[in-house]
$ cat query-v1.txt   # compact mmCIF, C-alpha atoms
# COMPACT_ATOMS: atom_id res chain seq x y z
CA MET A 1 14.56 6.08 -15.04
CA LYS A 2 18.31 6.17 -14.39
CA ARG A 3 20.14 8.53 -12.03
CA THR A 4 23.80 8.82 -11.10
CA ASP A 5 23.44 7.79 -7.47
CA ASP A 6 20.08 6.03 -7.34
CA MET A 7 18.19 3.29 -9.10
CA LEU A 8 14.50 4.09 -9.41
CA PHE A 9 11.79 1.43 -9.38
CA VAL A 10 8.06 1.69 -10.01
CA VAL A 11 5.92 -0.09 -7.39
CA ASP A 12 2.19 -0.21 -6.70
CA SER A 13 2.23 -0.65 -2.93
CA GLN A 14 2.91 1.70 -0.06
CA HIS A 15 5.17 -0.67 1.86
CA ALA A 16 7.15 -2.19 -1.00
CA ASN A 17 10.81 -2.49 -0.01
CA GLU A 18 14.09 -3.05 -1.80
CA GLN A 19 13.49 -6.79 -1.95
CA ASP A 20 10.15 -6.24 -3.70
CA ALA A 21 11.31 -3.48 -6.03
CA HIS A 22 12.96 -5.53 -8.75
CA SER A 23 10.06 -7.96 -9.05
CA LEU A 24 7.31 -5.33 -9.01
CA ASP A 25 9.19 -3.07 -11.41
CA ASP A 26 9.43 -5.93 -13.91
CA ASP A 27 5.67 -6.37 -13.68
CA LEU A 28 4.72 -2.68 -13.85
CA PHE A 29 7.36 -0.99 -15.96
CA ALA A 30 7.88 -3.28 -18.92
CA LEU A 31 8.32 -1.29 -22.14
CA ASP A 32 8.45 -4.20 -24.52
CA ASP A 33 6.97 -7.66 -24.85
CA GLU A 34 8.66 -11.02 -24.89
CA PRO A 35 7.88 -13.68 -27.52
CA THR A 36 5.17 -16.19 -26.77
CA ALA A 37 5.87 -19.90 -27.16
CA THR A 38 3.83 -21.74 -29.76
CA ASN A 39 2.97 -24.63 -27.39
CA GLY A 40 2.21 -26.85 -30.39
CA SER A 41 -1.16 -25.27 -31.11
CA GLU A 42 -0.20 -24.48 -34.72
CA THR A 43 -0.95 -28.11 -35.59
CA ALA A 44 -4.50 -28.00 -34.22
CA VAL A 45 -7.52 -27.58 -36.44
CA GLU A 46 -8.72 -24.04 -35.89
CA PRO A 47 -12.45 -23.35 -35.60
CA SER A 48 -14.02 -20.92 -38.04
CA ASP A 49 -14.49 -17.28 -37.13
CA ALA A 50 -18.22 -17.88 -36.75
CA GLU A 51 -17.59 -20.80 -34.40
CA LYS A 52 -15.18 -18.70 -32.31
CA LEU A 53 -17.71 -15.90 -31.94
CA ALA A 54 -20.46 -18.35 -31.02
CA ARG A 55 -18.28 -20.02 -28.37
CA ALA A 56 -17.46 -16.63 -26.91
CA ARG A 57 -21.13 -15.64 -26.88
CA GLU A 58 -21.96 -18.74 -24.84
CA CYS A 59 -19.47 -17.57 -22.20
CA LEU A 60 -21.09 -14.13 -22.04
CA SER A 61 -24.43 -15.21 -20.66
CA VAL A 62 -25.67 -15.93 -17.17
CA GLY A 63 -24.12 -19.17 -15.92
CA SER A 64 -20.57 -20.10 -15.02
CA PRO A 65 -18.30 -17.18 -14.14
CA LEU A 66 -15.78 -15.93 -16.67
CA PHE A 67 -12.13 -16.29 -15.60
CA ILE A 68 -9.86 -14.14 -17.78
CA VAL A 69 -6.06 -14.32 -17.80
CA GLN A 70 -4.24 -11.14 -18.79
CA ARG A 71 -1.23 -11.62 -21.02
CA SER A 72 1.73 -10.50 -18.94
CA HIS A 73 5.00 -9.00 -20.11
CA GLN A 74 6.99 -11.36 -17.94
CA HIS A 75 6.54 -15.14 -18.15
CA SER A 76 3.61 -15.11 -20.58
CA THR A 77 4.93 -18.31 -22.17
CA VAL A 78 3.46 -20.38 -19.33
CA ILE A 79 -0.09 -19.10 -19.83
CA PRO A 80 -1.21 -21.58 -22.55
CA GLY A 81 -0.05 -24.50 -20.40
CA ALA A 82 -1.76 -23.04 -17.34
CA LEU A 83 -5.03 -22.66 -19.24
CA SER A 84 -4.85 -26.24 -20.50
CA TYR A 85 -4.25 -27.44 -16.95
CA ILE A 86 -7.17 -25.39 -15.66
CA ARG A 87 -9.50 -26.78 -18.31
CA GLN A 88 -8.41 -30.32 -17.46
CA GLU A 89 -8.77 -29.85 -13.70
CA HIS A 90 -11.99 -27.82 -13.83
CA PRO A 91 -14.12 -28.87 -16.79
CA GLU A 92 -17.12 -27.29 -15.07
CA GLY A 93 -17.67 -24.25 -12.91
CA LEU A 94 -16.01 -21.55 -15.00
CA ASN A 95 -15.52 -20.25 -18.53
CA LEU A 96 -12.11 -19.19 -19.78
CA GLY A 97 -10.91 -16.01 -21.43
CA VAL A 98 -7.69 -14.16 -22.20
CA SER A 99 -6.89 -10.50 -22.69
CA VAL A 100 -3.96 -8.87 -24.47
CA PRO A 101 -2.95 -5.23 -23.82
CA LEU A 102 -2.96 -4.30 -27.49
CA PRO A 103 -0.75 -1.15 -27.55
CA ARG A 104 1.80 -2.82 -25.23
CA THR A 105 2.20 -5.89 -27.47
CA ARG A 106 3.62 -6.34 -30.94
CA PRO A 107 1.15 -7.51 -33.62
CA ALA A 108 2.87 -10.87 -34.00
CA GLY A 109 2.68 -11.40 -30.26
CA VAL A 110 -1.09 -10.83 -30.27
CA SER A 111 -1.85 -13.30 -33.04
CA THR A 112 0.49 -15.95 -31.64
CA PHE A 113 -0.95 -15.62 -28.16
CA PHE A 114 -4.53 -15.94 -29.39
CA LYS A 115 -3.56 -18.96 -31.46
CA ASN A 116 -1.95 -20.65 -28.46
CA THR A 117 -4.90 -19.96 -26.14
CA GLN A 118 -7.79 -21.28 -28.23
CA MET A 119 -8.98 -23.25 -25.22
CA ALA A 120 -10.18 -19.85 -23.94
CA PRO A 121 -13.20 -18.86 -26.09
CA VAL A 122 -13.24 -15.23 -24.90
CA GLN A 123 -10.27 -13.49 -26.51
CA ILE A 124 -9.95 -9.75 -25.87
CA ALA A 125 -7.54 -7.31 -27.53
CA ASP A 126 -7.78 -4.45 -25.05
CA PRO A 127 -7.16 -1.10 -26.84
CA GLU A 128 -6.20 0.59 -23.53
CA CYS A 129 -7.15 3.98 -24.94
CA PHE A 130 -7.22 5.38 -21.41
CA ALA A 131 -3.41 5.50 -21.65
CA ARG A 132 -3.35 7.79 -24.70
CA HIS A 133 -1.57 11.13 -24.27
CA ASP A 134 -4.92 12.95 -24.49
CA SER A 135 -6.65 10.73 -21.92
CA TYR A 136 -5.15 9.50 -18.63
CA GLY A 137 -1.71 9.02 -20.13
CA PRO A 138 0.01 12.10 -18.63
CA ILE A 139 -1.06 11.10 -15.09
CA LEU A 140 0.23 7.57 -15.61
CA MET A 141 3.50 9.00 -16.91
CA GLU A 142 3.86 11.27 -13.91
CA GLN A 143 3.42 8.33 -11.55
CA ARG A 144 6.15 6.48 -13.45
CA ASP A 145 8.78 9.22 -13.19
CA GLY A 146 8.18 10.58 -16.67
CA GLN A 147 8.02 7.27 -18.53
CA PRO A 148 4.87 6.39 -20.51
CA TYR A 149 2.51 3.56 -19.62
CA VAL A 150 2.84 2.40 -23.24
CA GLY A 151 6.33 2.67 -24.67
CA PRO A 152 7.24 3.63 -28.25
CA SER A 153 8.63 0.16 -29.01
CA THR A 154 5.09 -1.22 -29.25
CA SER A 155 2.78 1.80 -29.58
CA LYS A 156 4.28 2.59 -32.99
CA PHE A 157 2.51 -0.47 -34.41
CA TRP A 158 -0.97 0.78 -33.43
CA ASP A 159 -2.03 3.97 -35.19
CA PHE A 160 -5.35 4.17 -33.29
CA PHE A 161 -3.29 4.67 -30.14
CA THR A 162 -0.87 7.26 -31.53
CA ALA A 163 -3.26 9.12 -33.86
CA GLU A 164 -3.61 12.85 -33.22
CA LEU A 165 -7.24 13.84 -32.58
CA PRO A 166 -7.21 17.65 -32.35
CA SER A 167 -11.02 17.83 -32.51
CA GLY A 168 -11.54 15.08 -29.96
CA TRP A 169 -12.91 11.57 -30.36
CA THR A 170 -14.60 10.91 -33.68
CA HIS A 171 -16.87 8.29 -35.22
CA GLU A 172 -14.14 7.26 -37.66
CA TRP A 173 -11.57 6.85 -34.90
CA VAL A 174 -13.87 4.67 -32.78
CA ALA A 175 -14.60 2.53 -35.85
CA ARG A 176 -10.84 2.17 -36.35
CA VAL A 177 -10.43 0.94 -32.75
CA ILE A 178 -13.07 -1.73 -33.40
CA ARG A 179 -11.58 -2.80 -36.74
CA VAL A 180 -8.11 -3.28 -35.25
CA GLN A 181 -9.47 -5.67 -32.63
CA ARG A 182 -11.38 -7.62 -35.25
CA ASP A 183 -8.33 -7.84 -37.50
CA VAL A 184 -6.17 -9.43 -34.78
CA GLY A 185 -8.83 -12.06 -34.06
CA ALA A 186 -10.56 -10.86 -30.89
CA THR A 187 -13.83 -12.67 -30.20
CA VAL A 188 -15.12 -9.89 -27.93
CA LEU A 189 -14.74 -6.31 -29.15
CA LEU A 190 -14.31 -3.42 -26.72
CA THR A 191 -15.25 0.21 -27.09
CA PRO A 192 -12.20 2.49 -26.67
CA GLY A 193 -12.44 2.90 -22.88
CA ILE A 194 -11.12 6.44 -22.69
CA TRP A 195 -10.64 7.83 -19.18
CA MET A 196 -13.81 9.14 -17.53
CA ASP A 197 -12.94 12.29 -15.60
CA ALA A 198 -14.74 12.28 -12.24
CA SER A 199 -14.57 16.07 -12.09
CA ASP A 200 -16.67 16.33 -15.26
CA ARG A 201 -19.11 13.47 -14.84
CA MET A 202 -21.82 14.60 -17.26
CA ASN A 203 -19.44 15.13 -20.14
CA SER A 204 -17.58 11.92 -19.34
CA LEU A 205 -20.80 9.91 -19.38
CA ARG A 206 -21.87 11.60 -22.62
CA LEU A 207 -18.59 10.75 -24.35
CA MET A 208 -18.78 7.16 -23.12
CA ARG A 209 -22.31 6.79 -24.46
CA GLU A 210 -21.34 8.42 -27.74
CA SER A 211 -18.41 6.05 -28.25
CA VAL A 212 -20.74 3.09 -27.70
CA THR A 213 -23.19 4.43 -30.29
CA TRP A 214 -20.39 4.85 -32.82
CA ALA A 215 -18.93 1.42 -32.05
CA ARG A 216 -22.29 -0.27 -32.52
CA THR A 217 -22.49 0.99 -36.12
CA GLU A 218 -19.20 -0.79 -36.87
CA VAL A 219 -20.04 -4.06 -35.11
CA GLN A 220 -21.88 -6.79 -37.01
CA PRO A 221 -24.98 -8.46 -35.49
CA HIS A 222 -23.13 -11.75 -34.91
CA GLU A 223 -20.18 -10.08 -33.15
CA ASN A 224 -19.81 -9.54 -29.40
CA LEU A 225 -19.43 -5.99 -28.13
CA ALA A 226 -18.57 -4.97 -24.56
CA VAL A 227 -18.79 -1.44 -23.20
CA ASN A 228 -15.27 -0.62 -22.05
CA ILE A 229 -15.16 1.83 -19.13
CA THR A 230 -12.08 3.13 -17.30
CA ILE A 231 -12.69 5.13 -14.14
CA SER A 232 -11.10 6.24 -10.91
CA HIS A 233 -12.17 4.63 -7.64
CA ALA A 234 -14.09 7.83 -6.86
CA TRP A 235 -16.82 6.64 -9.25
CA LEU A 236 -17.47 3.75 -6.86
CA SER A 237 -16.91 5.41 -3.50
CA THR A 238 -18.72 8.73 -4.13
CA PRO A 239 -22.53 8.32 -4.07
CA ILE A 240 -23.34 10.99 -6.66
CA LEU A 241 -20.82 9.56 -9.12
CA ARG A 242 -21.82 5.97 -8.46
CA ASP A 243 -25.52 6.76 -8.91
CA ALA A 244 -24.84 8.58 -12.17
CA LEU A 245 -22.75 5.66 -13.48
CA LEU A 246 -25.34 3.05 -12.51
CA ALA A 247 -28.18 5.08 -14.02
CA GLU A 248 -26.25 5.31 -17.29
CA LEU A 249 -25.54 1.56 -17.38
CA LEU A 250 -29.18 0.70 -16.74
CA ASP A 251 -30.36 3.10 -19.42
CA MET A 252 -28.20 1.47 -22.09
CA ASP A 253 -29.34 -1.41 -24.26
CA GLU A 254 -25.89 -3.00 -24.09
CA GLU A 255 -25.57 -6.20 -22.06
CA ILE A 256 -21.81 -6.62 -21.51
CA PHE A 257 -19.68 -4.20 -19.51
CA TYR A 258 -15.90 -4.27 -19.02
CA ILE A 259 -15.20 -1.86 -16.18
CA ARG A 260 -11.65 -1.12 -15.09
CA VAL A 261 -11.18 0.89 -11.88
CA ARG A 262 -8.00 2.72 -10.93
CA TRP A 263 -7.28 1.82 -7.30
CA PRO A 264 -5.34 3.92 -4.82
CA LEU A 265 -1.81 2.84 -3.93
CA LEU A 266 -2.07 -0.59 -2.32
CA SER A 267 -0.95 -1.10 1.26
CA GLN A 268 1.25 -4.11 0.50
CA PRO A 269 2.75 -5.98 -2.48
CA TYR A 270 0.25 -8.25 -4.24
CA GLY A 271 -2.41 -7.06 -1.77
CA GLN A 272 -6.13 -6.47 -2.14
CA LEU A 273 -8.33 -3.45 -1.63
CA VAL A 274 -8.88 -2.65 2.05
CA SER A 275 -11.11 0.38 1.47
CA ALA A 276 -14.66 -0.25 2.71
CA ASP A 277 -16.01 2.64 0.63
CA ILE A 278 -14.58 1.36 -2.64
CA LEU A 279 -15.60 -2.20 -1.86
CA ASP A 280 -19.15 -1.00 -1.14
CA GLY A 281 -19.10 0.45 -4.64
CA TYR A 282 -18.10 -2.92 -6.09
CA VAL A 283 -20.89 -4.57 -4.11
CA GLU A 284 -23.55 -2.19 -5.45
CA LEU A 285 -22.21 -2.22 -9.01
CA SER A 286 -22.14 -6.02 -9.07
CA ASP A 287 -25.56 -6.38 -7.47
CA VAL A 288 -27.25 -3.87 -9.78
CA CYS A 289 -25.76 -5.48 -12.88
CA ALA A 290 -26.87 -8.94 -11.75
CA GLU A 291 -30.41 -7.78 -11.00
CA ASN A 292 -30.70 -6.16 -14.42
CA ASP A 293 -29.15 -8.92 -16.52
CA LYS A 294 -25.98 -6.99 -17.26
CA PHE A 295 -22.85 -9.12 -17.73
CA LEU A 296 -20.19 -7.35 -15.67
CA ILE A 297 -16.48 -8.08 -16.21
CA LEU A 298 -13.97 -6.55 -13.78
CA PRO A 299 -10.52 -6.57 -15.41
CA ASN A 300 -7.29 -6.34 -13.44
CA THR A 301 -8.90 -7.07 -10.08
CA GLY A 302 -7.30 -10.33 -8.95
CA MET A 303 -8.88 -11.77 -5.83
CA THR A 304 -11.01 -8.65 -5.37
CA GLY A 305 -12.63 -9.62 -8.66
CA TRP A 306 -13.04 -13.17 -7.38
CA VAL A 307 -14.96 -12.06 -4.29
CA SER A 308 -17.04 -9.69 -6.46
CA LEU A 309 -18.51 -12.74 -8.20
CA ALA A 310 -20.38 -13.43 -4.96
CA TRP A 311 -22.05 -10.01 -5.23
CA GLY A 312 -23.16 -10.48 -8.82
CA ALA A 313 -20.21 -9.77 -11.10
CA SER A 314 -20.01 -12.17 -14.04
CA GLY A 315 -16.27 -12.28 -14.61
CA PHE A 316 -12.89 -10.86 -13.71
CA SER A 317 -9.31 -10.94 -14.88
CA THR A 318 -5.98 -11.51 -13.23
CA GLY A 319 -2.49 -12.51 -14.27
CA ILE A 320 1.03 -13.42 -13.27
CA GLY A 321 2.38 -9.96 -12.51
CA SER A 322 1.10 -7.46 -9.98
CA GLY A 323 0.13 -5.13 -12.83
CA GLU A 324 -2.31 -7.71 -14.13
CA ARG A 325 -3.76 -8.34 -10.65
CA ALA A 326 -4.42 -4.68 -9.84
CA PHE A 327 -4.81 -1.49 -11.87
CA ALA A 328 -3.52 0.69 -9.06
CA ASP A 329 -1.66 3.94 -8.55
CA THR A 330 2.11 3.61 -8.54
CA LYS A 331 5.05 5.42 -7.02
CA VAL A 332 8.79 5.48 -7.55
CA ILE A 333 11.19 4.33 -4.85
CA LYS A 334 14.90 5.07 -4.84
CA ILE A 335 17.58 2.51 -4.05
CA LYS A 336 21.24 3.37 -3.72
CA ARG A 337 23.45 1.75 -6.32
CA THR A 338 26.24 1.09 -3.83
CA GLY A 339 26.41 -2.18 -1.95
CA PRO A 340 25.10 -5.66 -2.80
CA ARG A 341 21.47 -6.01 -3.75
CA PRO A 342 19.31 -7.94 -1.30
CA ALA A 343 17.91 -11.24 -2.46
CA PRO A 344 14.39 -10.88 -3.87
CA THR A 345 11.46 -12.03 -1.78
CA ASN A 346 10.02 -15.13 -3.42
CA ARG A 347 6.26 -15.30 -2.98
CA THR A 348 3.50 -17.79 -3.71
CA PHE A 349 -0.27 -17.80 -3.51
CA ARG A 350 -1.69 -19.72 -0.56
CA SER A 351 -5.18 -20.87 -1.58
CA GLY A 352 -6.24 -21.67 1.98
CA LEU A 353 -5.38 -18.13 3.04
CA LEU A 354 -6.67 -16.41 -0.13
CA HIS A 355 -3.45 -14.42 -0.09
CA VAL A 356 0.13 -14.25 -1.35
CA VAL A 357 2.85 -15.02 1.23
CA ASP A 358 6.60 -15.45 1.07
CA VAL A 359 7.82 -18.97 0.36
CA THR A 360 9.29 -19.55 3.81
CA THR A 361 5.97 -18.67 5.44
CA ASP A 362 4.15 -20.92 2.99
CA GLU A 363 6.40 -23.85 3.92
CA ARG A 364 5.74 -23.25 7.63
CA LEU A 365 1.99 -23.13 7.00
CA SER A 366 2.19 -26.42 5.10
CA ALA A 367 3.77 -28.06 8.16
CA LEU A 368 0.81 -27.21 10.42
CA PRO A 369 -1.72 -29.92 11.32
CA GLY A 370 -4.35 -30.26 8.62
CA GLN A 371 -2.30 -28.30 6.08
CA ARG A 372 -0.19 -29.50 3.17
CA SER A 373 1.88 -28.20 0.29
CA CYS A 374 0.22 -27.51 -3.05
CA ALA A 375 0.40 -30.53 -5.33
CA CYS A 376 -0.37 -28.82 -8.65
CA ASP A 377 1.84 -29.53 -11.66
CA PHE A 378 3.50 -26.13 -11.40
CA CYS A 379 4.48 -26.42 -7.75
CA ARG A 380 5.88 -29.89 -8.41
CA SER A 381 7.92 -28.37 -11.24
CA GLN A 382 9.69 -25.87 -8.98
CA PRO A 383 13.45 -26.56 -9.24
CA PRO A 384 14.84 -27.83 -5.92
CA GLY A 385 16.82 -25.16 -4.14
CA SER A 386 15.73 -22.30 -6.41
CA TRP A 387 12.58 -20.44 -7.37
CA ASP A 388 10.95 -20.13 -10.79
CA LYS A 389 8.57 -17.17 -10.87
CA ALA A 390 6.93 -18.43 -14.05
CA GLN A 391 5.92 -21.68 -12.36
CA ALA A 392 4.74 -19.72 -9.31
CA GLY A 393 2.64 -17.55 -11.62
CA ALA A 394 1.08 -20.58 -13.30
CA HIS A 395 0.32 -22.00 -9.84
CA TYR A 396 -1.42 -18.75 -8.92
CA LEU A 397 -3.58 -18.85 -12.06
CA SER A 398 -4.59 -22.47 -11.52
CA ALA A 399 -5.27 -21.88 -7.82
CA VAL A 400 -7.51 -18.86 -8.40
CA ALA A 401 -9.33 -20.69 -11.19
CA GLY A 402 -9.92 -23.55 -8.76
CA LEU A 403 -11.33 -21.20 -6.15
CA THR A 404 -13.60 -19.68 -8.81
CA ALA A 405 -14.95 -23.07 -9.80
CA ASP A 406 -15.31 -24.22 -6.18
CA ALA A 407 -17.41 -21.19 -5.24
CA ALA A 408 -19.54 -21.41 -8.38
CA LEU A 409 -20.32 -25.10 -7.86
CA HIS A 410 -21.22 -24.78 -4.17
CA GLY A 411 -24.53 -26.46 -3.41
CA ARG A 412 -26.07 -23.26 -2.00
CA GLY A 413 -24.76 -20.93 -4.66
CA ALA A 414 -21.72 -18.79 -5.37
CA ARG A 415 -22.26 -16.38 -2.48
CA ALA A 416 -22.46 -19.18 0.08
CA GLY A 417 -19.48 -20.89 -1.53
CA THR A 418 -17.40 -17.72 -1.42
CA ARG A 419 -18.42 -17.03 2.17
CA ALA A 420 -17.37 -20.55 3.20
CA LEU A 421 -13.96 -20.16 1.56
CA VAL A 422 -13.37 -16.78 3.20
CA ARG A 423 -14.41 -18.16 6.59
CA ASP A 424 -12.00 -21.07 6.16
CA ALA A 425 -9.22 -18.62 5.32
CA GLN A 426 -10.03 -16.53 8.38
CA SER A 427 -9.99 -19.67 10.50
CA LEU A 428 -6.56 -20.64 9.16
CA TYR A 429 -5.29 -17.14 9.84
CA SER A 430 -6.59 -17.19 13.42
CA SER A 431 -5.22 -20.65 14.22
CA ALA A 432 -1.86 -20.18 12.52
CA THR A 433 -0.91 -16.69 13.55
CA ASN A 434 0.59 -17.72 16.92
CA LEU A 435 2.70 -20.45 15.31
CA VAL A 436 3.46 -18.78 11.99
CA PRO A 437 3.39 -15.01 12.38
CA LEU A 438 1.44 -13.50 9.49
CA THR A 439 2.62 -9.93 9.59
CA GLY A 440 3.56 -7.27 7.06
CA ALA A 441 2.98 -8.38 3.48
CA ASN A 442 1.96 -11.86 4.71
CA ASP A 443 -1.05 -10.49 6.59
CA PRO A 444 -4.34 -11.08 4.69
CA LYS A 445 -5.77 -7.72 5.74
CA HIS A 446 -8.76 -8.08 3.43
CA LEU A 447 -10.42 -11.10 5.04
CA ASP A 448 -12.34 -9.28 7.79
CA LEU A 449 -13.62 -6.73 5.28
CA TRP A 450 -14.71 -9.42 2.84
CA LEU A 451 -16.58 -11.33 5.54
CA SER A 452 -18.43 -8.19 6.58
CA LYS A 453 -19.68 -7.77 3.00
CA LEU A 454 -20.65 -11.43 2.55
CA ARG A 455 -23.05 -11.82 5.47
$ encode --input "query-v1.txt" --output "C-alpha cells"
Amino acid sequence: MKRTDDMLFVVDSQHANEQDAHSLDDDLFALDDEPTATNGSETAVEPSDAEKLARARECLSVGSPLFIVQRSHQHSTVIPGALSYIRQEHPEGLNLGVSVPLPRTRPAGVSTFFKNTQMAPVQIADPECFARHDSYGPILMEQRDGQPYVGPSTSKFWDFFTAELPSGWTHEWVARVIRVQRDVGATVLLTPGIWMDASDRMNSLRLMRESVTWARTEVQPHENLAVNITISHAWLSTPILRDALLAELLDMDEEIFYIRVRWPLLSQPYGQLVSADILDGYVELSDVCAENDKFLILPNTGMTGWVSLAWGASGFSTGIGSGERAFADTKVIKIKRTGPRPAPTNRTFRSGLLHVVDVTTDERLSALPGQRSCACDFCRSQPPGSWDKAQAGAHYLSAVAGLTADAALHGRGARAGTRALVRDAQSLYSSATNLVPLTGANDPKHLDLWLSKLR
C-alpha cells in the first residue's frame, strides 16, 4: 500500500476525503486483530453447551428482532460493555448476538470475545469463505490495491480458509468449516457462504444447495444451522436473479438464512443505500421470508438492516467501524505525503436523524428547541476537549439497539414503529436544515427513500 510520493487509503464511499481517509482505512484495511479485554467475565459461571444452544435457539424464532454486533478490528474492547448496557437499558424488544470474522481473528481472540459476550446468546464465528482466493477474494484484493481482504497474519491459523481445493468444494471441506465453528464455541453454525456468481446463477444456486446438504450431515439435531449466502447486489435488483434466489430459499427445508449482500460504492462515509432497485430487493426478500416463516438475518447492513426489520427481516448486524456497517465496494484514494495532515472528522450517530453527522453539527442540532444531547453512558464518558472513537462507537451500538427495541415494541407493530421514527427524522431534517445546514456527508439522503417504502 505504500508509494514514494503518495499514501494510499482504502475507503468505501465515493465522496470520502482526506479527513475521512485515515478513519475509514482503519476500519476497512486492518490486517491484524487487537486483543479483547476480559471485562471480568472469566469469574462468571458459564452455562453448559446445551444451555447456550437452547438460548440461541430461542432467539432464532419469530418474536423480538435479533440485533447482532460484529467484532471490529478497531475498538472491539468496548463491545462487551456496550452489550451489557444495551441489555440493562432494553430488557425487552430485542435479542442480542455477536459475530466474529473467523479468518480475520486469531483463535485466542475468538474464544476470549465469546467468553466476554455471554450476554449475547447468538454467537457466530463467520467463516467468510467468500474471501478465499478461489471465491471472491481476487476481486476484493483488486479493490484494495493488491492487498487481501484476509491477511496472512490471521488466515494462517485457519486451514479451512487456506486449504487448496483443486477439485472444487467437497463434502469433507464443508464439514471442516462446520467443525471449526463448533470448536471455537459458536452457538449458530454457518454454511461456508462462498461467493454466488450472478453470471452463472444456476451453478451458483446448485453449489449453495449442495453445501447446505453437506453441512446438514455434520450438524447435530440440537445444533443451530444457518444458510450462509454471499451475493452481489444484482441478485436483489435484477428480477430474474431475485426470483431464482427466492424460489431456492422457499424450496429449502432450512429455516434460518444469513444473507450478506455486496453493495456498490456508497455515496458518503457511513452512509446508507440510496438505490431504489436494491432496496426493493430487500423489501421483497424480507417480505417473502416473513410470509414463509424463514428467519432472515442481514449481516453488515447497519441502519439499512434496521429498516429492513419493518419489511419482515428477523435480524441484522452492525458494528463500530464502517466495514461492519456495510459490506460495500471499496476504492483507493491517494494523498500526498507532503504537508501537514488535516485533522480527522469526528462523527457521531444522531438517533433523531437516523444518521451519522460530524460532532460540530451534532452539537448545533442539540441546541435547537426540542432537541438535546445524548445522555448515554458512552457520550457522558467522552473526554472534554477531545474525541474517543471507541466511546462514540459504543454510543452508536446502544443507540441503534434502542431504535430496534423502540420500533419492535410500538403498539401498532414494528412497521408502524419504524415508519414513525423515520417520519420524526424527516421532520427534524426539514425543520433544522435552515438553521443547521445538513449537507454533504451530514445529509440523510436515505430518509425519503425509506419513507416511500414504508407507506
$ atom_distance --input "query-v1.txt" --atom1 "atom CA of A:Arg216" --atom2 "atom CA of A:Arg262"
26.1 Å
$ atom_distance --input "query-v1.txt" --atom1 "atom CA of A:Trp173" --atom2 "atom CA of A:Thr217"
12.5 Å
$ residues_near_point --input "query-v1.txt" --point "(-19.9, -12.4, -23.9)" --cutoff "7 Å" --atoms "all atoms listed in the file" --output "list in words"
Ala56, Arg57, Glu58, Cys59, Leu60, Ser61, Val188, Asn224 and Ile256 of chain A
$ closest_residue --input "query-v1.txt" --among "A:Phe378, A:Trp169, A:Trp158, A:Phe316" --to "A:Leu66" --atoms "only C-alpha atoms"
A:Phe316
$ closest_residue --input "query-v1.txt" --among "A:Ile335, A:Cys129, A:Val357, A:Ala310" --to "A:Arg412" --atoms "only C-alpha atoms"
A:Ala310
$ residues_around --input "query-v1.txt" --residues "A:Asp287" --least-positions-apart "4" --cutoff "9 Å" --atoms "only C-alpha atoms" --output "PyMOL selection string"
chain A and resi 282-283+291-292+311-313
$ atom_distance --input "query-v1.txt" --atom1 "atom CA of A:Phe9" --atom2 "atom CA of A:Gln272"
20.9 Å
$ residues_around --input "query-v1.txt" --residues "stretch 209-213 of chain A" --least-positions-apart "3" --cutoff "10 Å" --atoms "all atoms listed in the file" --output "ChimeraX atom specification"
/A:169-171,173-175,190-194,203-206,216-218,225-228,248-249,252,254
$ build_atoms --input "query-v1.txt" --residues "stretch 414-423 of chain A" --atoms "N, CA, C and O atoms" --output "PDB file, in the frame of the given file"
ATOM      1  N   ALA A 414     -23.043 -19.392  -5.363  1.00  0.00           N
ATOM      2  CA  ALA A 414     -21.720 -18.790  -5.370  1.00  0.00           C
ATOM      3  C   ALA A 414     -21.463 -17.939  -4.125  1.00  0.00           C
ATOM      4  O   ALA A 414     -20.351 -17.928  -3.585  1.00  0.00           O
ATOM      5  N   ARG A 415     -22.477 -17.224  -3.655  1.00  0.00           N
ATOM      6  CA  ARG A 415     -22.260 -16.380  -2.480  1.00  0.00           C
ATOM      7  C   ARG A 415     -21.944 -17.219  -1.250  1.00  0.00           C
ATOM      8  O   ARG A 415     -21.004 -16.924  -0.502  1.00  0.00           O
ATOM      9  N   ALA A 416     -22.722 -18.292  -1.056  1.00  0.00           N
ATOM     10  CA  ALA A 416     -22.460 -19.180   0.080  1.00  0.00           C
ATOM     11  C   ALA A 416     -21.109 -19.865  -0.071  1.00  0.00           C
ATOM     12  O   ALA A 416     -20.375 -20.041   0.912  1.00  0.00           O
ATOM     13  N   GLY A 417     -20.767 -20.250  -1.306  1.00  0.00           N
ATOM     14  CA  GLY A 417     -19.480 -20.890  -1.530  1.00  0.00           C
ATOM     15  C   GLY A 417     -18.320 -19.956  -1.253  1.00  0.00           C
ATOM     16  O   GLY A 417     -17.312 -20.348  -0.652  1.00  0.00           O
ATOM     17  N   THR A 418     -18.451 -18.707  -1.681  1.00  0.00           N
ATOM     18  CA  THR A 418     -17.400 -17.720  -1.420  1.00  0.00           C
ATOM     19  C   THR A 418     -17.281 -17.446   0.072  1.00  0.00           C
ATOM     20  O   THR A 418     -16.175 -17.379   0.622  1.00  0.00           O
ATOM     21  N   ARG A 419     -18.428 -17.284   0.736  1.00  0.00           N
ATOM     22  CA  ARG A 419     -18.420 -17.030   2.170  1.00  0.00           C
ATOM     23  C   ARG A 419     -17.730 -18.164   2.928  1.00  0.00           C
ATOM     24  O   ARG A 419     -16.938 -17.928   3.858  1.00  0.00           O
ATOM     25  N   ALA A 420     -17.997 -19.406   2.527  1.00  0.00           N
ATOM     26  CA  ALA A 420     -17.370 -20.550   3.200  1.00  0.00           C
ATOM     27  C   ALA A 420     -15.851 -20.537   3.013  1.00  0.00           C
ATOM     28  O   ALA A 420     -15.101 -20.812   3.961  1.00  0.00           O
ATOM     29  N   LEU A 421     -15.398 -20.200   1.818  1.00  0.00           N
ATOM     30  CA  LEU A 421     -13.960 -20.160   1.560  1.00  0.00           C
ATOM     31  C   LEU A 421     -13.280 -19.037   2.340  1.00  0.00           C
ATOM     32  O   LEU A 421     -12.165 -19.204   2.857  1.00  0.00           O
ATOM     33  N   VAL A 422     -13.941 -17.891   2.438  1.00  0.00           N
ATOM     34  CA  VAL A 422     -13.370 -16.780   3.200  1.00  0.00           C
ATOM     35  C   VAL A 422     -13.342 -17.117   4.692  1.00  0.00           C
ATOM     36  O   VAL A 422     -12.373 -16.815   5.398  1.00  0.00           O
ATOM     37  N   ARG A 423     -14.402 -17.753   5.183  1.00  0.00           N
ATOM     38  CA  ARG A 423     -14.410 -18.160   6.590  1.00  0.00           C
ATOM     39  C   ARG A 423     -13.306 -19.167   6.886  1.00  0.00           C
ATOM     40  O   ARG A 423     -12.656 -19.097   7.937  1.00  0.00           O
TER      41      ARG A 423
END
